[in-house]
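Scroll down for the structure; my scribbles are underneath it.
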Amino acid sequence: MSRSGLKSLFLAASVGLMLSFVLMPFAWQLVTALKPTGQLAQLPPLLPSPPTLSHFLAVLAAPGFLRAFLNSALVAVASVLLGFSLGIPASYALAKLEIRGRSFVLVGLLFLSMFPAISNVGPLYLVFIRLGIRDNLLAVILAHAVFTLPFTVWTLTSFFQEIPDDLYRAARVDGCSHLGILRHVVLPLGAPGLLSVGLLVFIFSWNEFLYAFTLTASPRARTLPVAIALFPGLHEIPWGEIAAAAVLATLPSVLLVLLFQRRIVSGLTAGAVKG
Amino acid sequence: MNSRRRAVLERYALVGPAVSFAATLALVPVLATVWLSLRQEMPIFGISRFVGLENYRQLLADQRFWNSLGNTAYFVGVSVALELALGLGLALLLNQRFRGRGAARALALVPWAVPGVVAARFWEWIFNADFGVLNYLLGIHVNWLGDPFWALHAAIAADVWKTTPFVFLLILAGLQVIPEDLYRAARMDGATGWKLFRYVTLPLLRPVILLALLFRTMDAARIFDLIFVLTGGGPANESETLVVYAYKLLYRTLQFGYGSAVAVATFLFVFALSLAYLHQLRRAWEQRAREAA
């Protein structure tokens, strides 16, 4: 075999090996979810025979699961919107206007992003009880929005800086207000950056556990990760249903990554790599 | 009001809401945690009093605290090192030209998108002592999650699976901005294979590697969901990390004072590690700026 043939064979083998390691746990969970209950505690067979959708149907029929799924979607979308409504004006000002204390704000936000969630969740928990919004989706939304805000502002500032100054100055000369500039210049031109940040905040919120877990108490406010962590199993553990629920819980974030891979990567690396 | 004043006010009106939101819901609660850590707060017993540094004295004598700190440090060290090695290899691999490269890159990112709780469920099933596929394939019978030695290593394996993709994509982004000219010039000078990597690629990747290390170290040091669901910190606290211990103190035993002291210690640990990296990172940027000049 030629040298380049050998090289491409080696390349194909490494890529194949890498992808099987990456996908194996996911595939194994899917296989488990498709196994009839009787085969869950048996190996072999490795593959279900015959495959069954009964675990998926059971999970979808369980009231807690759908509720948690909808809660997660609501919390994630609301966190993105709240983060945008606070973060877009701030990032615009930090990117394009002379603000005294600009670096103080940016460094302060960076500093906040170093806090582990555990270091502010205690007082939040106590205050939310006082305000009567513990065990309420609002509590989770507020926590997620504040936890992602430093990332949102840093990344959007870096994206907005790339909008040419001329455009913004021209709008200014034409008598546009800041809100007008946001609407007519920053939002349209910053749309790719907003998409990247929105996707990342959505995924973060969809996956987040500690805040969602401590700030909720009952199934009515539980998000999906909390529901999956607390999956019921008093006498025997329902492995098949856990597997089905786990597979379903990955779908939104995994689909977003597969569909918008480039936008997500540019969001994660904005500023970071360009330096 | 004159127009200049007005313009200044307008600017602060744009930044103000974000800053006050972050201050109210992040900074103030963190300061409150520090305050709580100086108190004995056990609402269910109606105990609420200032005790000064008493909690921290208790902390220094608390074997379980040192154990969770040691576990956290071990978890950070081993998993971040493995993630860096694997992520670098993966980035070099997927930076090659081949058909289906885009799809391979997208698929490689999938574990990163899986919620930590769900990743824990995936691996819990793989590591299951009785019907886990790992024991079956290896033909052995090890109680991975119930064994004092293996439990923390099982969590490390799951974390490496979940976050190597993140390291991979940061390094890949770093690889893509290295100008092709540099390789051409080095090849003219007779450098090949390993030497190209050692003397061209690696030095230029230094800032991005440090950045990946910084992000991963911070996140690994505050690990919670993966360990909480996978092992619950057990057996016998052998896989308990700082945040898991703080969580148990705060919400299982409702010791808000002492739990807050552990939370503050966690923050200080994360912060000290981050500062060390930021220092290195700044030196790397400065060096690169000098070389570019």
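By convention here, the chains of the structure tokens are called A, B, ... in the order presented, each chain's residues are numbered starting at 1, and ligands are numbered starting at 1 in the order presented.
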
For this session: Give me the residues within 8 Å of Leu84 (chain B) as a PyMOL selection string, counting only C-alpha atoms and dropping any in the same chain fewer than 3 places off.
Result: chain B and resi 80-81+87-88+164+167-168+209+213

For this session: Please determine the contact residues of chain B with respect to chain A at a cut-off of 6 Å, counting only C-alpha atoms, and supply them as a list in words.
Result: Leu14, Val15, Ala18, Ala22, Pro29, Val30, Ala106, Val110, Ala113, Val114, Pro115, Val117, Val118, Phe122, Phe131, Arg222, Ala263 and Phe267 of chain B

Selection to disk with C-alpha atoms, as a PDB file, in the first residue's frame:
```pdb
ATOM      1  CA  LEU B  14     -27.703  51.531  29.192  1.00  0.00           C
ATOM      2  CA  VAL B  15     -25.182  49.846  31.503  1.00  0.00           C
ATOM      3  CA  ALA B  18     -27.206  44.917  33.879  1.00  0.00           C
ATOM      4  CA  ALA B  22     -25.636  41.386  38.686  1.00  0.00           C
ATOM      5  CA  PRO B  29     -25.563  37.171  47.853  1.00  0.00           C
ATOM      6  CA  VAL B  30     -21.863  36.298  47.727  1.00  0.00           C
ATOM      7  CA  ALA B 106     -20.012  18.486  15.069  1.00  0.00           C
ATOM      8  CA  VAL B 110     -22.052  16.298  21.306  1.00  0.00           C
ATOM      9  CA  ALA B 113     -24.046  19.527  25.077  1.00  0.00           C
ATOM     10  CA  VAL B 114     -25.288  16.695  27.308  1.00  0.00           C
ATOM     11  CA  PRO B 115     -26.545  17.959  30.707  1.00  0.00           C
ATOM     12  CA  VAL B 117     -27.078  15.056  35.301  1.00  0.00           C
ATOM     13  CA  VAL B 118     -27.762  13.105  32.129  1.00  0.00           C
ATOM     14  CA  PHE B 122     -25.258   7.488  31.150  1.00  0.00           C
ATOM     15  CA  PHE B 131     -25.599  -5.235  34.571  1.00  0.00           C
ATOM     16  CA  ARG B 222     -16.818  23.644  41.291  1.00  0.00           C
ATOM     17  CA  ALA B 263     -18.824  27.662  50.203  1.00  0.00           C
ATOM     18  CA  PHE B 267     -14.699  30.160  46.211  1.00  0.00           C
TER      19      PHE B 267
END
```

For this session: Going by DSSP on the backbone, which bits of region 46-282 of chain B are alpha helix (DSSP H)? Write them as JSON, numbers by chain, please.
Result: {"B": [54, 55, 56, 57, 58, 59, 60, 63, 64, 65, 66, 67, 68, 69, 70, 71, 72, 73, 74, 75, 76, 77, 78, 79, 80, 81, 82, 83, 84, 85, 86, 87, 88, 89, 90, 91, 92, 93, 94, 101, 102, 103, 104, 105, 106, 107, 108, 110, 111, 112, 113, 116, 117, 118, 119, 120, 121, 122, 123, 124, 125, 126, 127, 133, 134, 135, 136, 137, 138, 150, 151, 152, 153, 154, 155, 156, 157, 158, 159, 160, 161, 162, 163, 164, 165, 166, 167, 168, 169, 170, 171, 172, 173, 174, 175, 176, 180, 181, 182, 183, 184, 185, 186, 187, 188, 193, 194, 195, 196, 202, 203, 204, 205, 206, 207, 208, 209, 210, 211, 212, 213, 214, 215, 216, 217, 218, 219, 220, 221, 225, 226, 227, 228, 229, 230, 242, 243, 244, 245, 246, 247, 256, 257, 258, 259, 260, 261, 262, 263, 264, 265, 266, 267, 268, 269, 270, 271, 272, 273, 274, 275, 276, 277, 278, 279, 280, 281, 282]}

For this session: Might you pull out every residue within 9 Å of Ala119 (chain B), with only C-alpha atoms counted and same-chain residues fewer than 6 positions away left off, and present them as a ChimeraX atom specification?
Result: /A:25-26,246 /B:111,158-159,161-162,226,230

Seminar exercise, completed: From CA of Met218 (chain B) to CA of Val270 (chain B) the spacing works out at 5.8 Å

Exercise. Excluding same-chain residues fewer than 6 positions from region 231-245 of chain B, what lies within 6 Å of it counting only C-alpha atoms, as a list in words?
Worked result: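 Final neighbour list, sorted by chain and number: Ser68, Leu69, Asn71, Thr72, Gly146, Pro148, Leu152 and Phe224 of chain B.
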